[in-house]
file input04.cif (mmCIF, C-alpha atoms (C1' of nucleotides))
data_run
#
loop_
_atom_site.group_PDB
_atom_site.id
_atom_site.type_symbol
_atom_site.label_atom_id
_atom_site.label_comp_id
_atom_site.auth_asym_id
_atom_site.auth_seq_id
_atom_site.Cartn_x
_atom_site.Cartn_y
_atom_site.Cartn_z
ATOM 1 C CA MET A 1 103.556 131.290 20.592
ATOM 2 C CA SER A 2 101.073 129.771 18.176
ATOM 3 C CA VAL A 3 102.188 126.959 15.950
ATOM 4 C CA ILE A 4 100.678 126.153 12.576
ATOM 5 C CA ASN A 5 100.990 123.329 10.119
ATOM 6 C CA ILE A 6 101.827 123.522 6.455
ATOM 7 C CA GLY A 7 98.225 123.898 5.353
ATOM 8 C CA GLU A 8 97.708 126.954 7.486
ATOM 9 C CA ALA A 9 101.046 128.391 6.478
ATOM 10 C CA SER A 10 99.971 127.953 2.891
ATOM 11 C CA GLU A 11 96.657 129.671 3.515
ATOM 12 C CA LYS A 12 98.237 132.575 5.331
ATOM 13 C CA THR A 13 100.906 133.226 2.745
ATOM 14 C CA GLY A 14 99.274 132.112 -0.473
ATOM 15 C CA VAL A 15 102.170 129.762 -1.180
ATOM 16 C CA SER A 16 100.964 126.235 -1.908
ATOM 17 C CA ALA A 17 101.972 123.449 0.455
ATOM 18 C CA LYS A 18 103.582 121.746 -2.512
ATOM 19 C CA MET A 19 105.792 124.739 -3.096
ATOM 20 C CA ILE A 20 106.636 125.198 0.572
ATOM 21 C CA ARG A 21 107.980 121.638 0.616
ATOM 22 C CA HIS A 22 109.762 122.268 -2.654
ATOM 23 C CA TYR A 23 111.458 125.438 -1.388
ATOM 24 C CA GLU A 24 112.615 123.476 1.609
ATOM 25 C CA ASP A 25 113.932 120.699 -0.639
ATOM 26 C CA ILE A 26 116.025 123.043 -2.732
ATOM 27 C CA GLY A 27 117.383 124.861 0.293
ATOM 28 C CA LEU A 28 115.530 128.095 -0.211
ATOM 29 C CA LEU A 29 113.928 127.627 3.181
ATOM 30 C CA PRO A 30 115.618 126.086 6.213
ATOM 31 C CA LYS A 31 114.417 122.613 7.095
ATOM 32 C CA SER A 32 111.279 123.143 9.079
ATOM 33 C CA LYS A 33 110.849 121.678 12.527
ATOM 34 C CA ARG A 34 108.648 118.617 12.853
ATOM 35 C CA THR A 35 106.157 117.333 15.372
ATOM 36 C CA GLU A 36 106.788 113.919 16.901
ATOM 37 C CA SER A 37 104.658 112.383 14.198
ATOM 38 C CA GLY A 38 106.621 114.025 11.428
ATOM 39 C CA TYR A 39 104.351 116.928 10.539
ATOM 40 C CA ARG A 40 106.069 120.169 9.600
ATOM 41 C CA PHE A 41 105.190 123.087 11.813
ATOM 42 C CA TYR A 42 105.799 126.801 11.602
ATOM 43 C CA LYS A 43 105.687 129.812 13.851
ATOM 44 C CA GLU A 44 104.381 133.170 12.769
ATOM 45 C CA ASP A 45 107.942 134.283 12.319
ATOM 46 C CA ASP A 46 108.696 131.628 9.738
ATOM 47 C CA LEU A 47 106.048 133.076 7.492
ATOM 48 C CA HIS A 48 108.214 136.081 6.732
ATOM 49 C CA ASN A 49 110.472 133.875 4.659
ATOM 50 C CA LEU A 50 107.549 132.611 2.656
ATOM 51 C CA ILE A 51 106.228 136.074 2.075
ATOM 52 C CA PHE A 52 109.656 137.206 0.957
ATOM 53 C CA ILE A 53 109.828 134.384 -1.553
ATOM 54 C CA LYS A 54 106.353 135.083 -2.779
ATOM 55 C CA ARG A 55 107.059 138.753 -3.393
ATOM 56 C CA ALA A 56 110.315 137.976 -5.118
ATOM 57 C CA ARG A 57 108.697 135.373 -7.363
ATOM 58 C CA ALA A 58 105.979 137.850 -8.246
ATOM 59 C CA LEU A 59 108.736 140.158 -9.417
ATOM 60 C CA GLY A 60 110.154 137.392 -11.589
ATOM 61 C CA PHE A 61 113.280 136.578 -9.616
ATOM 62 C CA SER A 62 114.488 133.003 -10.118
ATOM 63 C CA THR A 63 114.900 130.736 -7.136
ATOM 64 C CA ALA A 64 118.676 131.036 -7.526
ATOM 65 C CA GLN A 65 118.401 134.798 -7.309
ATOM 66 C CA ILE A 66 116.038 134.563 -4.373
ATOM 67 C CA LYS A 67 118.496 132.340 -2.580
ATOM 68 C CA LYS A 68 121.105 135.070 -2.870
ATOM 69 C CA LEU A 69 118.658 137.791 -1.888
ATOM 70 C CA MET A 70 117.578 135.897 1.198
ATOM 71 C CA GLY A 71 121.183 135.352 2.146
ATOM 72 C CA LEU A 72 121.743 139.100 2.003
ATOM 73 C CA TRP A 73 118.502 139.802 3.774
ATOM 74 C CA LEU A 74 119.590 137.691 6.721
ATOM 75 C CA ASN A 75 123.100 139.092 6.667
ATOM 76 C CA LYS A 76 123.275 142.225 8.767
ATOM 77 C CA SER A 77 126.685 143.114 7.372
ATOM 78 C CA ARG A 78 125.498 143.004 3.778
ATOM 79 C CA LYS A 79 126.213 145.759 1.309
ATOM 80 C CA SER A 80 123.184 147.152 -0.443
ATOM 81 C CA ALA A 81 125.324 147.251 -3.582
ATOM 82 C CA ASP A 82 125.100 143.464 -3.762
ATOM 83 C CA VAL A 83 121.330 143.533 -3.594
ATOM 84 C CA LYS A 84 121.155 146.234 -6.217
ATOM 85 C CA LYS A 85 123.458 144.286 -8.515
ATOM 86 C CA ILE A 86 121.182 141.246 -8.456
ATOM 87 C CA THR A 87 118.190 143.444 -9.092
ATOM 88 C CA GLN A 88 119.826 145.278 -11.974
ATOM 89 C CA ASP A 89 120.903 142.026 -13.594
ATOM 90 C CA HIS A 90 117.369 140.763 -13.295
ATOM 91 C CA ILE A 91 115.958 143.925 -14.825
ATOM 92 C CA GLU A 92 118.333 143.563 -17.744
ATOM 93 C CA GLU A 93 117.311 139.959 -18.314
ATOM 94 C CA LEU A 94 113.678 140.972 -18.284
ATOM 95 C CA GLU A 95 114.313 143.784 -20.712
ATOM 96 C CA VAL A 96 115.985 141.461 -23.168
ATOM 97 C CA LYS A 97 112.992 139.154 -23.077
ATOM 98 C CA LEU A 98 110.662 142.091 -23.293
ATOM 99 C CA LYS A 99 112.285 143.320 -26.468
ATOM 100 C CA GLU A 100 112.120 139.873 -28.005
ATOM 101 C CA MET A 101 108.450 139.677 -27.247
ATOM 102 C CA GLN A 102 107.787 143.125 -28.589
ATOM 103 C CA GLN A 103 109.468 142.185 -31.830
ATOM 104 C CA MET A 104 107.429 139.006 -32.057
ATOM 105 C CA ILE A 105 104.226 140.908 -31.449
ATOM 106 C CA LYS A 106 105.134 143.500 -34.034
ATOM 107 C CA ALA A 107 105.863 140.875 -36.682
ATOM 108 C CA LEU A 108 102.752 138.893 -35.801
ATOM 109 C CA LYS A 109 100.542 141.948 -35.992
ATOM 110 C CA GLU A 110 101.906 142.883 -39.369
ATOM 111 C CA MET A 111 101.262 139.392 -40.671
ATOM 112 C CA SER A 112 97.852 139.208 -39.117
ATOM 113 C CA GLY A 113 96.947 142.602 -40.499
ATOM 114 C CA CYS A 114 97.609 141.340 -44.008
ATOM 115 C CA CYS A 115 95.357 138.307 -43.604
ATOM 116 C CA HIS A 116 91.747 138.661 -44.654
ATOM 117 C CA GLY A 117 90.623 136.061 -42.145
ATOM 118 C CA ASP A 118 87.843 134.848 -44.371
ATOM 119 C CA GLN A 119 86.650 131.617 -45.975
ATOM 120 C CA LYS A 120 89.378 131.540 -48.605
ATOM 121 C CA ALA A 121 92.557 129.530 -48.477
ATOM 122 C CA GLU A 122 94.891 132.336 -49.459
ATOM 123 C CA CYS A 123 96.770 133.397 -46.356
ATOM 124 C CA PRO A 124 99.703 135.789 -46.010
ATOM 125 C CA ILE A 125 100.467 134.418 -42.550
ATOM 126 C CA LEU A 126 101.193 130.949 -43.868
ATOM 127 C CA GLU A 127 103.048 132.413 -46.819
ATOM 128 C CA ASN A 128 105.239 134.345 -44.459
ATOM 129 C CA LEU A 129 105.891 131.335 -42.227
ATOM 130 C CA SER A 130 106.909 129.156 -45.137
ATOM 131 C CA LYS A 131 109.101 131.633 -46.902
ATOM 132 C CA THR A 132 112.756 130.699 -46.929
ATOM 133 C CA MET B 1 117.069 114.080 -56.338
ATOM 134 C CA SER B 2 119.688 114.614 -53.675
ATOM 135 C CA VAL B 3 119.235 112.965 -50.342
ATOM 136 C CA ILE B 4 120.654 114.296 -47.088
ATOM 137 C CA ASN B 5 120.971 112.962 -43.579
ATOM 138 C CA ILE B 6 119.849 114.581 -40.370
ATOM 139 C CA GLY B 7 123.130 116.401 -39.816
ATOM 140 C CA GLU B 8 122.937 118.130 -43.159
ATOM 141 C CA ALA B 9 119.260 118.896 -42.692
ATOM 142 C CA SER B 10 120.183 120.476 -39.396
ATOM 143 C CA GLU B 11 122.916 122.544 -40.985
ATOM 144 C CA LYS B 12 120.739 123.727 -43.822
ATOM 145 C CA THR B 13 117.819 124.722 -41.650
ATOM 146 C CA GLY B 14 119.456 125.721 -38.399
ATOM 147 C CA VAL B 15 117.285 123.273 -36.479
ATOM 148 C CA SER B 16 119.360 120.974 -34.282
ATOM 149 C CA ALA B 17 119.329 117.248 -35.023
ATOM 150 C CA LYS B 18 118.050 116.746 -31.495
ATOM 151 C CA MET B 19 115.065 118.928 -32.210
ATOM 152 C CA ILE B 20 114.374 117.380 -35.616
ATOM 153 C CA ARG B 21 114.077 113.998 -33.906
ATOM 154 C CA HIS B 22 111.975 115.535 -31.175
ATOM 155 C CA TYR B 23 109.561 117.154 -33.634
ATOM 156 C CA GLU B 24 109.195 113.794 -35.304
ATOM 157 C CA ASP B 25 108.536 112.128 -31.930
ATOM 158 C CA ILE B 26 105.748 114.494 -31.017
ATOM 159 C CA GLY B 27 104.145 114.263 -34.438
ATOM 160 C CA LEU B 28 104.999 117.726 -35.619
ATOM 161 C CA LEU B 29 106.899 116.213 -38.507
ATOM 162 C CA PRO B 30 105.912 113.053 -40.346
ATOM 163 C CA LYS B 31 108.092 110.041 -39.608
ATOM 164 C CA SER B 32 111.090 110.440 -41.841
ATOM 165 C CA LYS B 33 112.148 107.723 -44.249
ATOM 166 C CA ARG B 34 115.122 105.618 -43.272
ATOM 167 C CA THR B 35 118.028 104.051 -45.088
ATOM 168 C CA GLU B 36 118.481 100.309 -44.806
ATOM 169 C CA SER B 37 120.757 100.849 -41.869
ATOM 170 C CA GLY B 38 118.223 102.975 -40.042
ATOM 171 C CA TYR B 39 119.543 106.457 -40.744
ATOM 172 C CA ARG B 40 116.926 109.150 -41.312
ATOM 173 C CA PHE B 41 117.127 110.809 -44.673
ATOM 174 C CA TYR B 42 115.508 113.874 -46.175
ATOM 175 C CA LYS B 43 114.959 115.411 -49.550
ATOM 176 C CA GLU B 44 115.200 119.101 -50.255
ATOM 177 C CA ASP B 45 111.455 119.248 -50.121
ATOM 178 C CA ASP B 46 111.283 117.988 -46.539
ATOM 179 C CA LEU B 47 113.259 120.991 -45.412
ATOM 180 C CA HIS B 48 110.282 123.268 -45.973
ATOM 181 C CA ASN B 49 108.588 121.732 -42.952
ATOM 182 C CA LEU B 50 111.601 122.406 -40.814
ATOM 183 C CA ILE B 51 111.876 125.950 -41.996
ATOM 184 C CA PHE B 52 108.206 126.478 -41.285
ATOM 185 C CA ILE B 53 108.649 125.212 -37.743
ATOM 186 C CA LYS B 54 111.704 127.323 -37.238
ATOM 187 C CA ARG B 55 109.984 130.511 -38.350
ATOM 188 C CA ALA B 56 106.961 129.748 -36.216
ATOM 189 C CA ARG B 57 109.089 129.034 -33.137
ATOM 190 C CA ALA B 58 110.951 132.280 -33.691
ATOM 191 C CA LEU B 59 107.586 134.013 -33.519
ATOM 192 C CA GLY B 60 106.852 132.285 -30.231
ATOM 193 C CA PHE B 61 104.218 129.836 -31.379
ATOM 194 C CA SER B 62 104.002 126.730 -29.200
ATOM 195 C CA THR B 63 104.427 123.323 -30.780
ATOM 196 C CA ALA B 64 100.708 122.719 -30.277
ATOM 197 C CA GLN B 65 99.936 125.867 -32.232
ATOM 198 C CA ILE B 66 102.455 124.968 -34.895
ATOM 199 C CA LYS B 67 100.833 121.590 -35.276
ATOM 200 C CA LYS B 68 97.558 123.313 -36.101
ATOM 201 C CA LEU B 69 99.227 125.823 -38.377
ATOM 202 C CA MET B 70 100.995 123.105 -40.312
ATOM 203 C CA GLY B 71 97.736 121.218 -40.667
ATOM 204 C CA LEU B 72 96.174 124.290 -42.207
ATOM 205 C CA TRP B 73 99.209 124.958 -44.322
ATOM 206 C CA LEU B 74 98.944 121.517 -45.893
ATOM 207 C CA ASN B 75 95.178 121.753 -46.244
ATOM 208 C CA LYS B 76 94.297 123.379 -49.518
ATOM 209 C CA SER B 77 90.686 123.861 -48.476
ATOM 210 C CA ARG B 78 91.612 125.754 -45.307
ATOM 211 C CA LYS B 79 90.019 129.031 -44.359
ATOM 212 C CA SER B 80 92.417 131.840 -43.685
ATOM 213 C CA ALA B 81 90.130 132.789 -40.783
ATOM 214 C CA ASP B 82 91.372 129.725 -38.896
ATOM 215 C CA VAL B 83 94.972 130.734 -39.346
ATOM 216 C CA LYS B 84 94.234 134.277 -38.296
ATOM 217 C CA LYS B 85 92.413 133.058 -35.181
ATOM 218 C CA ILE B 86 95.417 131.076 -33.990
ATOM 219 C CA THR B 87 97.654 134.052 -34.660
ATOM 220 C CA GLN B 88 95.381 136.483 -32.832
ATOM 221 C CA ASP B 89 95.141 134.181 -29.832
ATOM 222 C CA HIS B 90 98.893 133.944 -29.751
ATOM 223 C CA ILE B 91 99.266 137.705 -29.949
ATOM 224 C CA GLU B 92 96.900 138.104 -27.030
ATOM 225 C CA GLU B 93 98.811 135.586 -24.943
ATOM 226 C CA LEU B 94 102.028 137.421 -25.685
ATOM 227 C CA GLU B 95 100.495 140.736 -24.794
ATOM 228 C CA VAL B 96 99.351 139.446 -21.437
ATOM 229 C CA LYS B 97 102.859 138.262 -20.654
ATOM 230 C CA LEU B 98 104.273 141.486 -21.968
ATOM 231 C CA LYS B 99 102.173 143.539 -19.601
ATOM 232 C CA GLU B 100 103.146 141.356 -16.674
ATOM 233 C CA MET B 101 106.785 141.843 -17.502
ATOM 234 C CA GLN B 102 106.385 145.565 -17.942
ATOM 235 C CA GLN B 103 104.821 145.788 -14.518
ATOM 236 C CA MET B 104 107.630 143.764 -13.006
ATOM 237 C CA ILE B 105 110.223 145.961 -14.634
ATOM 238 C CA LYS B 106 108.466 149.091 -13.485
ATOM 239 C CA ALA B 107 108.312 147.893 -9.887
ATOM 240 C CA LEU B 108 111.890 146.667 -9.961
ATOM 241 C CA LYS B 109 113.174 149.923 -11.339
ATOM 242 C CA GLU B 110 111.373 151.892 -8.686
ATOM 243 C CA MET B 111 112.852 149.733 -5.981
ATOM 244 C CA SER B 112 116.286 149.794 -7.502
ATOM 245 C CA GLY B 113 116.119 153.533 -7.913
ATOM 246 C CA CYS B 114 115.586 153.900 -4.187
ATOM 247 C CA CYS B 115 118.614 151.781 -3.304
ATOM 248 C CA HIS B 116 121.901 153.550 -2.783
ATOM 249 C CA GLY B 117 123.847 150.503 -3.858
ATOM 250 C CA ASP B 118 126.695 151.266 -1.518
ATOM 251 C CA GLN B 119 128.613 149.604 1.311
ATOM 252 C CA LYS B 120 125.832 150.004 3.839
ATOM 253 C CA ALA B 121 123.345 147.380 4.872
ATOM 254 C CA GLU B 122 120.275 149.560 4.612
ATOM 255 C CA CYS B 123 118.410 148.511 1.495
ATOM 256 C CA PRO B 124 114.963 149.573 0.280
ATOM 257 C CA ILE B 125 114.833 146.607 -2.102
ATOM 258 C CA LEU B 126 114.994 144.098 0.725
ATOM 259 C CA GLU B 127 112.612 146.180 2.766
ATOM 260 C CA ASN B 128 110.152 146.104 -0.058
ATOM 261 C CA LEU B 129 110.503 142.375 -0.601
ATOM 262 C CA SER B 130 109.918 141.596 3.046
ATOM 263 C CA LYS B 131 107.024 143.908 3.616
ATOM 264 C CA THR B 132 103.758 142.098 4.306
ATOM 265 C "C1'" DA C 1 85.392 103.954 16.983
ATOM 266 C "C1'" DT C 2 85.167 105.830 12.774
ATOM 267 C "C1'" DA C 3 84.960 109.195 8.890
ATOM 268 C "C1'" DG C 4 86.974 112.792 6.733
ATOM 269 C "C1'" DA C 5 90.369 116.109 6.439
ATOM 270 C "C1'" DC C 6 94.875 116.650 6.688
ATOM 271 C "C1'" DC C 7 99.766 115.251 6.620
ATOM 272 C "C1'" DT C 8 103.958 112.456 4.766
ATOM 273 C "C1'" DT C 9 107.030 110.798 0.771
ATOM 274 C "C1'" DC C 10 107.581 109.401 -3.867
ATOM 275 C "C1'" DC C 11 106.938 109.452 -8.699
ATOM 276 C "C1'" DC C 12 105.228 111.628 -12.955
ATOM 277 C "C1'" DA C 13 103.822 115.502 -15.929
ATOM 278 C "C1'" DC C 14 104.226 119.842 -18.479
ATOM 279 C "C1'" DG C 15 107.514 122.503 -22.766
ATOM 280 C "C1'" DA C 16 111.488 123.190 -25.303
ATOM 281 C "C1'" DT C 17 115.926 122.173 -25.318
ATOM 282 C "C1'" DG C 18 120.407 120.123 -24.467
ATOM 283 C "C1'" DG C 19 123.938 116.644 -22.543
ATOM 284 C "C1'" DG C 20 125.766 112.373 -22.716
ATOM 285 C "C1'" DA C 21 126.281 107.258 -22.877
ATOM 286 C "C1'" DA C 22 126.352 102.936 -25.446
ATOM 287 C "C1'" DG C 23 126.423 101.062 -29.599
ATOM 288 C "C1'" DG C 24 126.045 100.855 -34.857
ATOM 289 C "C1'" DT C 25 127.474 102.908 -39.644
ATOM 290 C "C1'" DC C 26 129.956 105.435 -43.062
ATOM 291 C "C1'" DT C 27 134.031 107.237 -45.297
ATOM 292 C "C1'" DA C 28 138.656 108.714 -46.085
ATOM 293 C "C1'" DT C 29 143.178 107.613 -45.512
ATOM 294 C "C1'" DA C 30 147.256 104.729 -44.470
ATOM 295 C "C1'" DT D 1 141.673 96.151 -46.419
ATOM 296 C "C1'" DA D 2 141.870 97.832 -41.853
ATOM 297 C "C1'" DT D 3 141.187 101.350 -38.974
ATOM 298 C "C1'" DA D 4 140.155 106.060 -37.082
ATOM 299 C "C1'" DG D 5 137.073 109.509 -36.654
ATOM 300 C "C1'" DA D 6 132.871 111.524 -37.713
ATOM 301 C "C1'" DC D 7 128.380 110.659 -37.842
ATOM 302 C "C1'" DC D 8 124.128 108.132 -36.827
ATOM 303 C "C1'" DT D 9 120.762 105.473 -33.608
ATOM 304 C "C1'" DT D 10 118.020 105.061 -29.081
ATOM 305 C "C1'" DC D 11 117.545 105.895 -24.292
ATOM 306 C "C1'" DC D 12 117.862 108.320 -20.081
ATOM 307 C "C1'" DC D 13 118.610 112.554 -17.457
ATOM 308 C "C1'" DA D 14 118.602 117.677 -16.555
ATOM 309 C "C1'" DT D 15 116.741 122.187 -16.675
ATOM 310 C "C1'" DC D 16 112.659 125.507 -14.179
ATOM 311 C "C1'" DG D 17 108.505 126.191 -11.492
ATOM 312 C "C1'" DT D 18 104.510 124.098 -10.645
ATOM 313 C "C1'" DG D 19 100.889 120.713 -10.067
ATOM 314 C "C1'" DG D 20 98.578 115.901 -9.926
ATOM 315 C "C1'" DG D 21 98.022 111.810 -7.707
ATOM 316 C "C1'" DA D 22 98.971 107.451 -5.162
ATOM 317 C "C1'" DA D 23 99.909 104.995 -0.893
ATOM 318 C "C1'" DG D 24 100.050 105.310 3.642
ATOM 319 C "C1'" DG D 25 100.060 107.664 8.339
ATOM 320 C "C1'" DT D 26 97.795 111.224 11.708
ATOM 321 C "C1'" DC D 27 94.473 114.236 13.763
ATOM 322 C "C1'" DT D 28 89.951 115.629 15.182
ATOM 323 C "C1'" DA D 29 85.069 115.963 15.596
ATOM 324 C "C1'" DT D 30 81.185 113.351 15.955
#
call {"tool": "encode", "arguments": {"input": "input04.cif", "output": "structure tokens"}}
result
Amino acid sequence: MSVINIGEASEKTGVSAKMIRHYEDIGLLPKSKRTESGYRFYKEDDLHNLIFIKRARALGFSTAQIKKLMGLWLNKSRKSADVKKITQDHIEELEVKLKEMQQMIKALKEMSGCCHGDQKAECPILENLSKT
Amino acid sequence: MSVINIGEASEKTGVSAKMIRHYEDIGLLPKSKRTESGYRFYKEDDLHNLIFIKRARALGFSTAQIKKLMGLWLNKSRKSADVKKITQDHIEELEVKLKEMQQMIKALKEMSGCCHGDQKAECPILENLSKT
DNA sequence: ATAGACCTTCCCACGATGGGAAGGTCTATA
DNA sequence: TATAGACCTTCCCATCGTGGGAAGGTCTAT
């Protein structure tokens, strides 16, 4: 059973060593085993956790949400309803933010479209920003 | 000329007193005048700055961007092109984030749509998250 | 043996915002 | 006029995810 250190684990998973330590600190990962000299070491199997976290982060889940998801993942008597609930909540949060951003973009484009963008001082963008 | 303290300025503009102080700290607002006892005070005219910041924040501009925008706003010999540039850059940043979020939502919805969300342990969401 | 690459922990930073403590000031009422 | 309560001040800490860097220890190839 091959054993790797944090640098290799980082390379293999694409999660920085800094973040691996951080995830351990906040309890997202179990405390890793250590060599006699204090170096963390991992087995191939431990990398699954890191990959799980990486995927979940890429999908925008917060570390709090990931903690719950990992708990369910490891729990053989989980209910898929619980997983789905977390996912649905997350989707809703994202959609709220998405709408906010779309509104911002819409307003910004309208303002920008009114601005000549030339050498003159007159500027509808600034007028809009300063209007009460 | 009526003079108001930070609490009233906050009420009138909807910017928290905490944030008014913060904007002053980071140089987004000029140092406010003080009474003999050290209280900040503002005139009606000073509120325009706060309103400007508030509008700009609502449109997602960063404080760094707002600093530039306010500089241009106060500069009578500005070129509207400079304002438009900042705005366009901001729009592009937002659009990048928007697309990322849309992709996340799309992937999440697909996963969620495959999950029965019932009492059983089998869960395509977790399977997806853990797949290499 | 030594250099260089790697590991450890610890502290600091970002950005925007809020919480809260300790202490000073202002104002209305008793 | 004294006092309570509301407000102000500064200062430090927290969030969230991530990275930088220092000081010091370890490992490995030459």
call {"tool": "closest_atom_pairs", "arguments": {"input": "input04.cif", "of": "chain A", "to": "chain D", "cutoff": "10 Å", "atoms": "all atoms listed in the file", "output": "JSON lines"}}
result
{"residue": "A:Ser16", "atom": "CA", "partner": "D:DT18", "partner_atom": "C1'", "distance": 9.7}
{"residue": "A:Lys18", "atom": "CA", "partner": "D:DG19", "partner_atom": "C1'", "distance": 8.1}
{"residue": "A:Met19", "atom": "CA", "partner": "D:DT18", "partner_atom": "C1'", "distance": 7.7}
{"residue": "A:His22", "atom": "CA", "partner": "D:DT18", "partner_atom": "C1'", "distance": 9.7}
{"residue": "A:Ser37", "atom": "CA", "partner": "D:DT26", "partner_atom": "C1'", "distance": 7.4}
{"residue": "A:Gly38", "atom": "CA", "partner": "D:DT26", "partner_atom": "C1'", "distance": 9.3}
{"residue": "A:Tyr39", "atom": "CA", "partner": "D:DT26", "partner_atom": "C1'", "distance": 8.8}
{"residue": "A:Ser62", "atom": "CA", "partner": "D:DC16", "partner_atom": "C1'", "distance": 8.7}
{"residue": "A:Thr63", "atom": "CA", "partner": "D:DG17", "partner_atom": "C1'", "distance": 9.0}
call {"tool": "atom_distance", "arguments": {"input": "input04.cif", "atom1": "atom CA of Asp118 of chain A", "atom2": "atom CA of Lys84 of chain B"}}
result
8.8 Å
call {"tool": "interface_residues", "arguments": {"input": "input04.cif", "of": "chain C", "to": "chain B", "cutoff": "9 Å", "atoms": "only C-alpha atoms (C1' of nucleotides)", "output": "PDB file with C-alpha atoms (C1' of nucleotides), in the frame of the given file"}}
result
ATOM      1  C1'  DG C  15     107.514 122.503 -22.766  1.00  0.00           C
ATOM      2  C1'  DA C  16     111.488 123.190 -25.303  1.00  0.00           C
ATOM      3  C1'  DT C  17     115.926 122.173 -25.318  1.00  0.00           C
ATOM      4  C1'  DG C  18     120.407 120.123 -24.467  1.00  0.00           C
ATOM      5  C1'  DG C  24     126.045 100.855 -34.857  1.00  0.00           C
ATOM      6  C1'  DT C  25     127.474 102.908 -39.644  1.00  0.00           C
TER       7       DT C  25
END
call {"tool": "closest_atom_pairs", "arguments": {"input": "input04.cif", "of": "chain B", "to": "chain A", "cutoff": "8 Å", "atoms": "only C-alpha atoms", "output": "tab-separated table"}}
result
residue	atom	partner	partner_atom	distance
B:His48	CA	A:Ser130	CA	6.8
B:Asn49	CA	A:Ser130	CA	7.9
B:Ile51	CA	A:Ser130	CA	6.7
B:Phe52	CA	A:Ser130	CA	4.9
B:Arg55	CA	A:Leu129	CA	5.7
B:Ala56	CA	A:Leu129	CA	6.3
B:Ala58	CA	A:Met104	CA	7.8
B:Leu59	CA	A:Met104	CA	5.2
B:Gly60	CA	A:Met104	CA	7.0
B:Leu69	CA	A:Leu126	CA	7.8
B:Trp73	CA	A:Leu126	CA	6.3
B:Lys76	CA	A:Ala121	CA	6.5
B:Ser77	CA	A:Ala121	CA	6.0
B:Arg78	CA	A:Ala121	CA	5.0
B:Lys79	CA	A:Gln119	CA	4.5
B:Ser80	CA	A:Gly117	CA	4.8
B:Ala81	CA	A:Gly117	CA	3.6
B:Asp82	CA	A:Gly117	CA	7.2
B:Val83	CA	A:Ile125	CA	7.4
B:Lys84	CA	A:Gly117	CA	5.6
B:Lys85	CA	A:Gly117	CA	7.8
B:Thr87	CA	A:Ser112	CA	6.8
B:Gln88	CA	A:Ser112	CA	7.3
B:Ile91	CA	A:Ile105	CA	6.1
B:Leu94	CA	A:Met101	CA	7.0
B:Glu95	CA	A:Ile105	CA	7.6
B:Leu98	CA	A:Leu98	CA	6.6
B:Met101	CA	A:Leu98	CA	7.0
B:Gln102	CA	A:Leu98	CA	7.7
B:Met104	CA	A:Leu59	CA	5.2
B:Ile105	CA	A:Ile91	CA	6.1
B:Ala107	CA	A:Leu59	CA	7.8
B:Leu108	CA	A:Ile91	CA	6.9
B:Lys109	CA	A:Ile91	CA	7.5
B:Ser112	CA	A:Lys84	CA	6.2
B:Cys115	CA	A:Lys84	CA	6.8
B:His116	CA	A:Ser80	CA	6.9
B:Gly117	CA	A:Ala81	CA	3.6
B:Asp118	CA	A:Ala81	CA	4.7
B:Gln119	CA	A:Lys79	CA	4.5
B:Lys120	CA	A:Lys79	CA	5.0
B:Ala121	CA	A:Lys79	CA	4.9
B:Glu122	CA	A:Ser80	CA	6.3
B:Cys123	CA	A:Ser80	CA	5.3
B:Ile125	CA	A:Val83	CA	7.3
B:Leu126	CA	A:Trp73	CA	6.3
B:Leu129	CA	A:Phe52	CA	5.5
B:Ser130	CA	A:Phe52	CA	4.9
B:Lys131	CA	A:Phe52	CA	7.7
B:Thr132	CA	A:Ile51	CA	6.9
call {"tool": "atom_distance", "arguments": {"input": "input04.cif", "atom1": "atom CA of Asp89 of chain A", "atom2": "atom C1' of DG19 of chain C"}}
result
27.1 Å
call {"tool": "residues_around", "arguments": {"input": "input04.cif", "residues": "Ser32 of chain A", "least_positions_apart": "5", "cutoff": "10 Å", "atoms": "only C-alpha atoms (C1' of nucleotides)", "output": "list of chain:residue names"}}
result
A:Ile6, A:Ile20, A:Arg21, A:Glu24, A:Tyr39, A:Arg40, A:Phe41, A:Tyr42, A:Lys43, A:Asp46
call {"tool": "atom_distance", "arguments": {"input": "input04.cif", "atom1": "atom CA of Ala9 of chain A", "atom2": "atom C1' of DC11 of chain C"}}
result
25.0 Å
call {"tool": "axis_aligned_box", "arguments": {"input": "input04.cif", "around": "segment 57-60 of chain A", "padding_each_side": "3 Å", "output": "JSON"}}
result
{"center_x": 108.1, "center_y": 137.8, "center_z": -9.5, "size_x": 10.2, "size_y": 10.8, "size_z": 10.2}
